[in-house]
file input_37.pdb (PDB, N, CA and C atoms)
MODEL        1
ATOM      1  N   MET A  30     118.973 104.832 100.271
ATOM      2  CA  MET A  30     119.042 106.211 100.705
ATOM      3  C   MET A  30     118.701 107.183  99.585
ATOM      4  N   ALA A  31     119.244 106.912  98.401
ATOM      5  CA  ALA A  31     119.014 107.808  97.280
ATOM      6  C   ALA A  31     117.548 107.797  96.873
ATOM      7  N   SER A  32     116.851 106.677  97.082
ATOM      8  CA  SER A  32     115.450 106.598  96.695
ATOM      9  C   SER A  32     114.584 107.503  97.573
ATOM     10  N   SER A  33     114.998 107.795  98.787
ATOM     11  CA  SER A  33     114.206 108.693  99.626
ATOM     12  C   SER A  33     114.229 110.109  99.064
ATOM     13  N   GLY A  34     115.332 110.508  98.450
ATOM     14  CA  GLY A  34     115.398 111.823  97.806
ATOM     15  C   GLY A  34     114.448 111.888  96.619
ATOM     16  N   TYR A  35     114.398 110.802  95.839
ATOM     17  CA  TYR A  35     113.467 110.756  94.718
ATOM     18  C   TYR A  35     112.034 110.765  95.213
ATOM     19  N   LEU A  36     111.782 110.074  96.301
ATOM     20  CA  LEU A  36     110.445 110.032  96.865
ATOM     21  C   LEU A  36     110.023 111.413  97.340
ATOM     22  N   GLN A  37     110.923 112.134  97.991
ATOM     23  CA  GLN A  37     110.613 113.485  98.449
ATOM     24  C   GLN A  37     110.309 114.398  97.266
ATOM     25  N   ALA A  38     111.080 114.261  96.201
ATOM     26  CA  ALA A  38     110.853 115.085  95.012
ATOM     27  C   ALA A  38     109.494 114.771  94.395
ATOM     28  N   ALA A  39     109.139 113.492  94.339
ATOM     29  CA  ALA A  39     107.856 113.094  93.758
ATOM     30  C   ALA A  39     106.698 113.624  94.599
ATOM     31  N   VAL A  40     106.815 113.532  95.907
ATOM     32  CA  VAL A  40     105.764 114.029  96.794
ATOM     33  C   VAL A  40     105.629 115.534  96.663
ATOM     34  N   LEU A  41     106.756 116.231  96.553
ATOM     35  CA  LEU A  41     106.741 117.679  96.399
ATOM     36  C   LEU A  41     106.048 118.076  95.104
ATOM     37  N   LEU A  42     106.378 117.419  94.014
ATOM     38  CA  LEU A  42     105.749 117.731  92.731
ATOM     39  C   LEU A  42     104.258 117.418  92.756
ATOM     40  N   LEU A  43     103.884 116.334  93.396
ATOM     41  CA  LEU A  43     102.476 115.979  93.515
ATOM     42  C   LEU A  43     101.714 117.044  94.311
ATOM     43  N   ALA A  44     102.310 117.515  95.380
ATOM     44  CA  ALA A  44     101.662 118.544  96.202
ATOM     45  C   ALA A  44     101.464 119.829  95.402
ATOM     46  N   VAL A  45     102.472 120.218  94.630
ATOM     47  CA  VAL A  45     102.353 121.433  93.817
ATOM     48  C   VAL A  45     101.251 121.273  92.787
ATOM     49  N   GLN A  46     101.168 120.097  92.160
ATOM     50  CA  GLN A  46     100.117 119.862  91.174
ATOM     51  C   GLN A  46      98.741 119.911  91.815
ATOM     52  N   LEU A  47      98.600 119.329  93.000
ATOM     53  CA  LEU A  47      97.302 119.342  93.673
ATOM     54  C   LEU A  47      96.892 120.758  94.047
ATOM     55  N   ILE A  48      97.848 121.553  94.477
ATOM     56  CA  ILE A  48      97.553 122.945  94.826
ATOM     57  C   ILE A  48      97.101 123.708  93.588
ATOM     58  N   CYS A  49      97.813 123.502  92.488
ATOM     59  CA  CYS A  49      97.453 124.185  91.245
ATOM     60  C   CYS A  49      96.073 123.751  90.751
ATOM     61  N   LEU A  50      95.781 122.455  90.822
ATOM     62  CA  LEU A  50      94.475 121.969  90.387
ATOM     63  C   LEU A  50      93.362 122.484  91.290
ATOM     64  N   GLY A  51      93.628 122.544  92.581
ATOM     65  CA  GLY A  51      92.626 123.057  93.517
ATOM     66  C   GLY A  51      92.323 124.518  93.264
ATOM     67  N   ALA A  52      93.343 125.298  92.965
ATOM     68  CA  ALA A  52      93.145 126.716  92.677
ATOM     69  C   ALA A  52      92.384 126.897  91.370
ATOM     70  N   ALA A  53      92.658 126.062  90.381
ATOM     71  CA  ALA A  53      91.964 126.160  89.097
ATOM     72  C   ALA A  53      90.487 125.797  89.265
ATOM     73  N   ASP A  54      90.202 124.762  90.046
ATOM     74  CA  ASP A  54      88.811 124.365  90.286
ATOM     75  C   ASP A  54      88.053 125.436  91.047
ATOM     76  N   ALA A  55      88.692 126.098  91.982
ATOM     77  CA  ALA A  55      88.039 127.145  92.765
ATOM     78  C   ALA A  55      87.636 128.309  91.872
ATOM     79  N   ASP A  56      88.469 128.658  90.902
ATOM     80  CA  ASP A  56      88.136 129.756  89.997
ATOM     81  C   ASP A  56      86.931 129.398  89.121
ATOM     82  N   HIS A  57      86.843 128.148  88.686
ATOM     83  CA  HIS A  57      85.744 127.739  87.822
ATOM     84  C   HIS A  57      84.430 127.656  88.585
ATOM     85  N   GLU A  58      84.460 127.300  89.841
ATOM     86  CA  GLU A  58      83.236 127.143  90.620
ATOM     87  C   GLU A  58      82.583 128.482  90.925
ATOM     88  N   THR A  59      83.361 129.500  91.203
ATOM     89  CA  THR A  59      82.783 130.782  91.580
ATOM     90  C   THR A  59      82.193 131.501  90.379
ATOM     91  N   GLY A  60      82.774 131.316  89.189
ATOM     92  CA  GLY A  60      82.246 131.963  88.007
ATOM     93  C   GLY A  60      82.705 133.389  87.844
ATOM     94  N   THR A  61      83.539 133.878  88.736
ATOM     95  CA  THR A  61      84.041 135.245  88.600
ATOM     96  C   THR A  61      85.418 135.223  87.975
ATOM     97  N   VAL A  62      85.721 136.248  87.226
ATOM     98  CA  VAL A  62      87.016 136.352  86.571
ATOM     99  C   VAL A  62      87.735 137.561  87.151
ATOM    100  N   ILE A  63      88.930 137.316  87.650
ATOM    101  CA  ILE A  63      89.745 138.403  88.193
ATOM    102  C   ILE A  63      90.692 138.853  87.087
ATOM    103  N   PRO A  64      90.736 140.138  86.807
ATOM    104  CA  PRO A  64      91.632 140.621  85.748
ATOM    105  C   PRO A  64      93.084 140.266  86.050
ATOM    106  N   ALA A  65      93.842 139.991  85.002
ATOM    107  CA  ALA A  65      95.233 139.561  85.150
ATOM    108  C   ALA A  65      96.069 140.616  85.854
ATOM    109  N   GLU A  66      95.724 141.872  85.705
ATOM    110  CA  GLU A  66      96.516 142.947  86.326
ATOM    111  C   GLU A  66      96.449 142.911  87.851
ATOM    112  N   SER A  67      95.340 142.434  88.391
ATOM    113  CA  SER A  67      95.178 142.436  89.846
ATOM    114  C   SER A  67      95.558 141.106  90.492
ATOM    115  N   ARG A  68      95.840 140.087  89.689
ATOM    116  CA  ARG A  68      96.227 138.781  90.228
ATOM    117  C   ARG A  68      97.718 138.769  90.537
ATOM    118  N   PRO A  69      98.115 138.066  91.599
ATOM    119  CA  PRO A  69      99.560 137.919  91.834
ATOM    120  C   PRO A  69     100.161 137.025  90.759
ATOM    121  N   CYS A  70     101.431 137.157  90.575
ATOM    122  CA  CYS A  70     102.115 136.377  89.550
ATOM    123  C   CYS A  70     102.296 134.947  90.062
ATOM    124  N   VAL A  71     101.292 134.119  89.838
ATOM    125  CA  VAL A  71     101.305 132.750  90.346
ATOM    126  C   VAL A  71     102.449 131.969  89.725
ATOM    127  N   ASP A  72     102.663 132.159  88.436
ATOM    128  CA  ASP A  72     103.750 131.451  87.775
ATOM    129  C   ASP A  72     105.096 131.825  88.385
ATOM    130  N   CYS A  73     105.282 133.099  88.721
ATOM    131  CA  CYS A  73     106.545 133.537  89.329
ATOM    132  C   CYS A  73     106.742 132.889  90.696
ATOM    133  N   HIS A  74     105.669 132.855  91.506
ATOM    134  CA  HIS A  74     105.768 132.249  92.835
ATOM    135  C   HIS A  74     106.036 130.749  92.723
ATOM    136  N   ALA A  75     105.361 130.100  91.785
ATOM    137  CA  ALA A  75     105.577 128.661  91.598
ATOM    138  C   ALA A  75     107.006 128.401  91.128
ATOM    139  N   PHE A  76     107.498 129.252  90.248
ATOM    140  CA  PHE A  76     108.866 129.090  89.762
ATOM    141  C   PHE A  76     109.867 129.245  90.902
ATOM    142  N   GLU A  77     109.682 130.270  91.751
ATOM    143  CA  GLU A  77     110.586 130.485  92.885
ATOM    144  C   GLU A  77     110.528 129.305  93.851
ATOM    145  N   PHE A  78     109.324 128.803  94.092
ATOM    146  CA  PHE A  78     109.155 127.657  94.988
ATOM    147  C   PHE A  78     109.886 126.435  94.435
ATOM    148  N   MET A  79     109.701 126.169  93.142
ATOM    149  CA  MET A  79     110.353 125.020  92.532
ATOM    150  C   MET A  79     111.869 125.204  92.479
ATOM    151  N   GLN A  80     112.315 126.441  92.311
ATOM    152  CA  GLN A  80     113.753 126.709  92.300
ATOM    153  C   GLN A  80     114.360 126.391  93.668
ATOM    154  N   ARG A  81     113.688 126.805  94.740
ATOM    155  CA  ARG A  81     114.175 126.500  96.094
ATOM    156  C   ARG A  81     114.153 124.987  96.334
ATOM    157  N   ALA A  82     113.093 124.322  95.874
ATOM    158  CA  ALA A  82     113.006 122.864  96.042
ATOM    159  C   ALA A  82     114.144 122.178  95.285
ATOM    160  N   LEU A  83     114.459 122.668  94.095
ATOM    161  CA  LEU A  83     115.550 122.085  93.318
ATOM    162  C   LEU A  83     116.890 122.287  94.016
ATOM    163  N   GLN A  84     117.093 123.465  94.597
ATOM    164  CA  GLN A  84     118.331 123.717  95.340
ATOM    165  C   GLN A  84     118.449 122.776  96.531
ATOM    166  N   ASP A  85     117.339 122.545  97.233
ATOM    167  CA  ASP A  85     117.346 121.614  98.363
ATOM    168  C   ASP A  85     117.682 120.202  97.901
ATOM    169  N   LEU A  86     117.114 119.806  96.760
ATOM    170  CA  LEU A  86     117.406 118.471  96.225
ATOM    171  C   LEU A  86     118.867 118.349  95.812
ATOM    172  N   LYS A  87     119.417 119.416  95.250
ATOM    173  CA  LYS A  87     120.836 119.385  94.864
ATOM    174  C   LYS A  87     121.723 119.237  96.094
ATOM    175  N   LYS A  88     121.386 119.966  97.168
ATOM    176  CA  LYS A  88     122.161 119.848  98.413
ATOM    177  C   LYS A  88     122.074 118.430  98.968
ATOM    178  N   THR A  89     120.873 117.866  98.951
ATOM    179  CA  THR A  89     120.686 116.508  99.449
ATOM    180  C   THR A  89     121.484 115.515  98.621
ATOM    181  N   ALA A  90     121.432 115.676  97.298
ATOM    182  CA  ALA A  90     122.179 114.769  96.416
ATOM    183  C   ALA A  90     123.678 114.899  96.665
ATOM    184  N   PHE A  91     124.169 116.119  96.846
ATOM    185  CA  PHE A  91     125.593 116.324  97.110
ATOM    186  C   PHE A  91     125.984 115.663  98.428
ATOM    187  N   ASN A  92     125.164 115.849  99.464
ATOM    188  CA  ASN A  92     125.460 115.244 100.767
ATOM    189  C   ASN A  92     125.455 113.723 100.679
ATOM    190  N   LEU A  93     124.492 113.168  99.936
ATOM    191  CA  LEU A  93     124.452 111.712  99.775
ATOM    192  C   LEU A  93     125.660 111.220  98.998
ATOM    193  N   ASP A  94     126.062 111.972  97.980
ATOM    194  CA  ASP A  94     127.223 111.592  97.179
ATOM    195  C   ASP A  94     128.487 111.612  98.031
ATOM    196  N   ALA A  95     128.650 112.662  98.823
ATOM    197  CA  ALA A  95     129.829 112.759  99.692
ATOM    198  C   ALA A  95     129.834 111.643 100.726
ATOM    199  N   ARG A  96     128.681 111.348 101.293
ATOM    200  CA  ARG A  96     128.577 110.281 102.290
ATOM    201  C   ARG A  96     128.894 108.925 101.662
ATOM    202  N   THR A  97     128.380 108.693 100.448
ATOM    203  CA  THR A  97     128.645 107.436  99.750
ATOM    204  C   THR A  97     130.127 107.280  99.475
ATOM    205  N   GLU A  98     130.763 108.364  99.019
ATOM    206  CA  GLU A  98     132.199 108.315  98.732
ATOM    207  C   GLU A  98     132.996 107.993  99.998
ATOM    208  N   THR A  99     132.623 108.592 101.111
ATOM    209  CA  THR A  99     133.300 108.324 102.380
ATOM    210  C   THR A  99     133.154 106.861 102.773
ATOM    211  N   LEU A 100     131.947 106.324 102.626
ATOM    212  CA  LEU A 100     131.713 104.927 102.993
ATOM    213  C   LEU A 100     132.475 103.970 102.077
ATOM    214  N   VAL A 101     132.557 104.295 100.785
ATOM    215  CA  VAL A 101     133.296 103.436  99.851
ATOM    216  C   VAL A 101     134.780 103.450 100.206
ATOM    217  N   LEU A 102     135.332 104.625 100.485
ATOM    218  CA  LEU A 102     136.750 104.707 100.860
ATOM    219  C   LEU A 102     137.022 103.941 102.152
ATOM    220  N   ARG A 103     136.111 104.026 103.089
ATOM    221  CA  ARG A 103     136.279 103.309 104.354
ATOM    222  C   ARG A 103     136.261 101.794 104.118
ATOM    223  N   ALA A 104     135.337 101.339 103.260
ATOM    224  CA  ALA A 104     135.256  99.905 102.956
ATOM    225  C   ALA A 104     136.506  99.428 102.221
ATOM    226  N   GLU A 105     137.022 100.248 101.300
ATOM    227  CA  GLU A 105     138.254  99.873 100.590
ATOM    228  C   GLU A 105     139.441  99.790 101.553
ATOM    229  N   ARG A 106     139.507 100.722 102.484
ATOM    230  CA  ARG A 106     140.594 100.706 103.469
ATOM    231  C   ARG A 106     140.512  99.451 104.337
ATOM    232  N   ARG A 107     139.301  99.096 104.760
ATOM    233  CA  ARG A 107     139.140  97.882 105.576
ATOM    234  C   ARG A 107     139.562  96.649 104.791
ATOM    235  N   ALA A 108     139.150  96.587 103.524
ATOM    236  CA  ALA A 108     139.501  95.434 102.697
ATOM    237  C   ALA A 108     141.006  95.353 102.510
ATOM    238  N   LEU A 109     141.665  96.468 102.336
ATOM    239  CA  LEU A 109     143.115  96.488 102.164
ATOM    240  C   LEU A 109     143.801  96.040 103.449
ATOM    241  N   CYS A 110     143.334  96.529 104.574
ATOM    242  CA  CYS A 110     143.948  96.165 105.856
ATOM    243  C   CYS A 110     143.695  94.710 106.200
ATOM    244  N   ASP A 111     142.542  94.169 105.796
ATOM    245  CA  ASP A 111     142.219  92.774 106.113
ATOM    246  C   ASP A 111     143.088  91.781 105.336
ATOM    247  N   CYS A 112     143.504  92.146 104.119
ATOM    248  CA  CYS A 112     144.222  91.166 103.310
ATOM    249  C   CYS A 112     145.746  91.292 103.459
ATOM    250  N   MET A 113     146.205  92.330 104.136
ATOM    251  CA  MET A 113     147.662  92.480 104.348
ATOM    252  C   MET A 113     148.014  92.053 105.759
ATOM    253  N   PRO A 114     149.090  91.288 105.902
ATOM    254  CA  PRO A 114     149.533  90.922 107.261
ATOM    255  C   PRO A 114     150.009  92.169 108.013
ATOM    256  N   THR A 115     149.826  92.163 109.295
ATOM    257  CA  THR A 115     150.185  93.345 110.097
ATOM    258  C   THR A 115     151.681  93.620 110.097
ATOM    259  N   ASN A 116     152.529  92.616 109.994
ATOM    260  CA  ASN A 116     153.973  92.862 110.030
ATOM    261  C   ASN A 116     154.492  93.456 108.711
ATOM    262  N   SER A 117     153.711  93.393 107.613
ATOM    263  CA  SER A 117     154.168  93.995 106.350
ATOM    264  C   SER A 117     153.844  95.477 106.297
ATOM    265  N   LEU A 118     153.038  95.995 107.223
ATOM    266  CA  LEU A 118     152.693  97.403 107.238
ATOM    267  C   LEU A 118     153.792  98.267 107.855
ATOM    268  N   ARG A 119     154.779  97.669 108.490
ATOM    269  CA  ARG A 119     155.823  98.448 109.151
ATOM    270  C   ARG A 119     156.924  98.830 108.250
TER     271      ARG A 119
ENDMDL
END

call {"tool": "encode", "arguments": {"input": "input_37.pdb", "output": "structure tokens"}}
result
Amino acid sequence: MASSGYLQAAVLLLAVQLICLGAADADHETGTVIPAESRPCVDCHAFEFMQRALQDLKKTAFNLDARTETLVLRAERRALCDCMPTNSLR
């Protein structure tokens, strides 16, 4: 389960890199230079996007951690109940 979160993060980073490379190639092919004052703050947008992606990953990791803890406690309870006779629980 945890590996799917890592896989999603890797795919997300790959997509961002491909977008950035595609935009860089497009600028070189046209041969025109747009002044920095008129360009949107690409770094700011990329930073905000990555910040949101990181928050999503943190939420996913927290949910997986909580779910894992619940499953471990459930397994420990089952193991405890299986090894104790029922008449000793009263």

call {"tool": "atom_distance", "arguments": {"input": "input_37.pdb", "atom1": "atom C of Met79 (chain A)", "atom2": "atom N of Asn92 (chain A)"}}
result
17.7 Å

call {"tool": "atom_distance", "arguments": {"input": "input_37.pdb", "atom1": "atom N of Asp85 (chain A)", "atom2": "atom N of Ala104 (chain A)"}}
result
28.5 Å

call {"tool": "atom_distance", "arguments": {"input": "input_37.pdb", "atom1": "atom N of Leu83 (chain A)", "atom2": "CA of Gln46 (chain A)"}}
result
14.9 Å

call {"tool": "decode", "arguments": {"input": "input_37.pdb", "residues": "region 77-90 of chain A", "atoms": "all heavy atoms", "output": "compact mmCIF listing (two decimals), in the first residue's frame"}}
result
# COMPACT_ATOMS: atom_id res chain seq x y z
N GLU A 77 3.82 26.42 -5.83
CA GLU A 77 2.49 26.23 -5.25
C GLU A 77 1.93 24.85 -5.60
O GLU A 77 1.33 24.18 -4.76
CB GLU A 77 1.54 27.32 -5.73
CG GLU A 77 1.86 28.69 -5.17
CD GLU A 77 1.05 29.79 -5.82
OE1 GLU A 77 0.27 29.51 -6.75
OE2 GLU A 77 1.21 30.94 -5.39
N PHE A 78 2.15 24.44 -6.84
CA PHE A 78 1.68 23.12 -7.28
C PHE A 78 2.36 22.02 -6.47
O PHE A 78 1.70 21.10 -5.98
CB PHE A 78 1.97 22.94 -8.78
CG PHE A 78 1.63 21.59 -9.31
CD1 PHE A 78 0.31 21.25 -9.57
CD2 PHE A 78 2.62 20.64 -9.53
CE1 PHE A 78 -0.02 19.99 -10.07
CE2 PHE A 78 2.31 19.39 -10.01
CZ PHE A 78 0.99 19.07 -10.28
N MET A 79 3.68 22.12 -6.32
CA MET A 79 4.41 21.11 -5.57
C MET A 79 4.04 21.14 -4.09
O MET A 79 4.01 20.10 -3.44
CB MET A 79 5.92 21.31 -5.75
CG MET A 79 6.39 21.03 -7.17
SD MET A 79 5.96 19.37 -7.75
CE MET A 79 6.94 18.38 -6.67
N GLN A 80 3.74 22.32 -3.57
CA GLN A 80 3.32 22.43 -2.18
C GLN A 80 1.99 21.70 -1.96
O GLN A 80 1.82 20.97 -0.99
CB GLN A 80 3.19 23.90 -1.80
CG GLN A 80 3.45 24.21 -0.37
CD GLN A 80 3.50 25.71 -0.11
OE1 GLN A 80 2.98 26.50 -0.89
NE2 GLN A 80 4.11 26.09 0.98
N ARG A 81 1.04 21.89 -2.88
CA ARG A 81 -0.25 21.19 -2.77
C ARG A 81 -0.04 19.67 -2.91
O ARG A 81 -0.65 18.89 -2.20
CB ARG A 81 -1.21 21.69 -3.84
CG ARG A 81 -1.81 23.04 -3.53
CD ARG A 81 -2.99 23.35 -4.43
NE ARG A 81 -2.63 23.37 -5.83
CZ ARG A 81 -2.20 24.43 -6.50
NH1 ARG A 81 -2.08 25.58 -5.87
NH2 ARG A 81 -1.91 24.34 -7.77
N ALA A 82 0.83 19.27 -3.83
CA ALA A 82 1.11 17.84 -4.01
C ALA A 82 1.73 17.26 -2.74
O ALA A 82 1.38 16.15 -2.33
CB ALA A 82 2.04 17.62 -5.20
N LEU A 83 2.62 18.01 -2.11
CA LEU A 83 3.24 17.54 -0.87
C LEU A 83 2.21 17.40 0.24
O LEU A 83 2.22 16.44 1.01
CB LEU A 83 4.36 18.48 -0.45
CG LEU A 83 5.14 18.10 0.80
CD1 LEU A 83 5.81 16.75 0.62
CD2 LEU A 83 6.17 19.17 1.13
N GLN A 84 1.29 18.36 0.33
CA GLN A 84 0.23 18.27 1.34
C GLN A 84 -0.64 17.05 1.10
O GLN A 84 -1.01 16.35 2.05
CB GLN A 84 -0.63 19.54 1.32
CG GLN A 84 0.07 20.75 1.89
CD GLN A 84 -0.73 22.02 1.70
OE1 GLN A 84 -1.75 22.03 1.00
NE2 GLN A 84 -0.28 23.10 2.31
N ASP A 85 -0.96 16.76 -0.16
CA ASP A 85 -1.75 15.57 -0.48
C ASP A 85 -1.00 14.30 -0.09
O ASP A 85 -1.60 13.36 0.45
CB ASP A 85 -2.09 15.52 -1.97
CG ASP A 85 -3.10 16.59 -2.37
OD1 ASP A 85 -3.75 17.16 -1.47
OD2 ASP A 85 -3.23 16.86 -3.58
N LEU A 86 0.31 14.28 -0.35
CA LEU A 86 1.11 13.11 0.03
C LEU A 86 1.17 12.94 1.54
O LEU A 86 1.12 11.82 2.05
CB LEU A 86 2.51 13.22 -0.54
CG LEU A 86 2.64 12.99 -2.04
CD1 LEU A 86 4.05 13.31 -2.51
CD2 LEU A 86 2.26 11.58 -2.41
N LYS A 87 1.26 14.06 2.26
CA LYS A 87 1.28 13.98 3.72
C LYS A 87 -0.04 13.42 4.25
O LYS A 87 -0.05 12.59 5.16
CB LYS A 87 1.53 15.36 4.33
CG LYS A 87 2.97 15.81 4.24
CD LYS A 87 3.15 17.18 4.88
CE LYS A 87 4.56 17.67 4.78
NZ LYS A 87 4.73 19.00 5.36
N LYS A 88 -1.16 13.87 3.67
CA LYS A 88 -2.47 13.35 4.08
C LYS A 88 -2.56 11.85 3.81
O LYS A 88 -3.04 11.08 4.64
CB LYS A 88 -3.59 14.08 3.35
CG LYS A 88 -3.84 15.48 3.83
CD LYS A 88 -4.97 16.11 3.02
CE LYS A 88 -5.11 17.57 3.34
NZ LYS A 88 -6.13 18.21 2.48
N THR A 89 -2.10 11.44 2.63
CA THR A 89 -2.13 10.03 2.27
C THR A 89 -1.28 9.21 3.23
O THR A 89 -1.70 8.15 3.69
CB THR A 89 -1.64 9.83 0.82
OG1 THR A 89 -2.48 10.60 -0.04
CG2 THR A 89 -1.69 8.37 0.42
N ALA A 90 -0.08 9.72 3.53
CA ALA A 90 0.81 9.00 4.45
C ALA A 90 0.18 8.90 5.84
O ALA A 90 0.25 7.85 6.48
CB ALA A 90 2.16 9.71 4.53
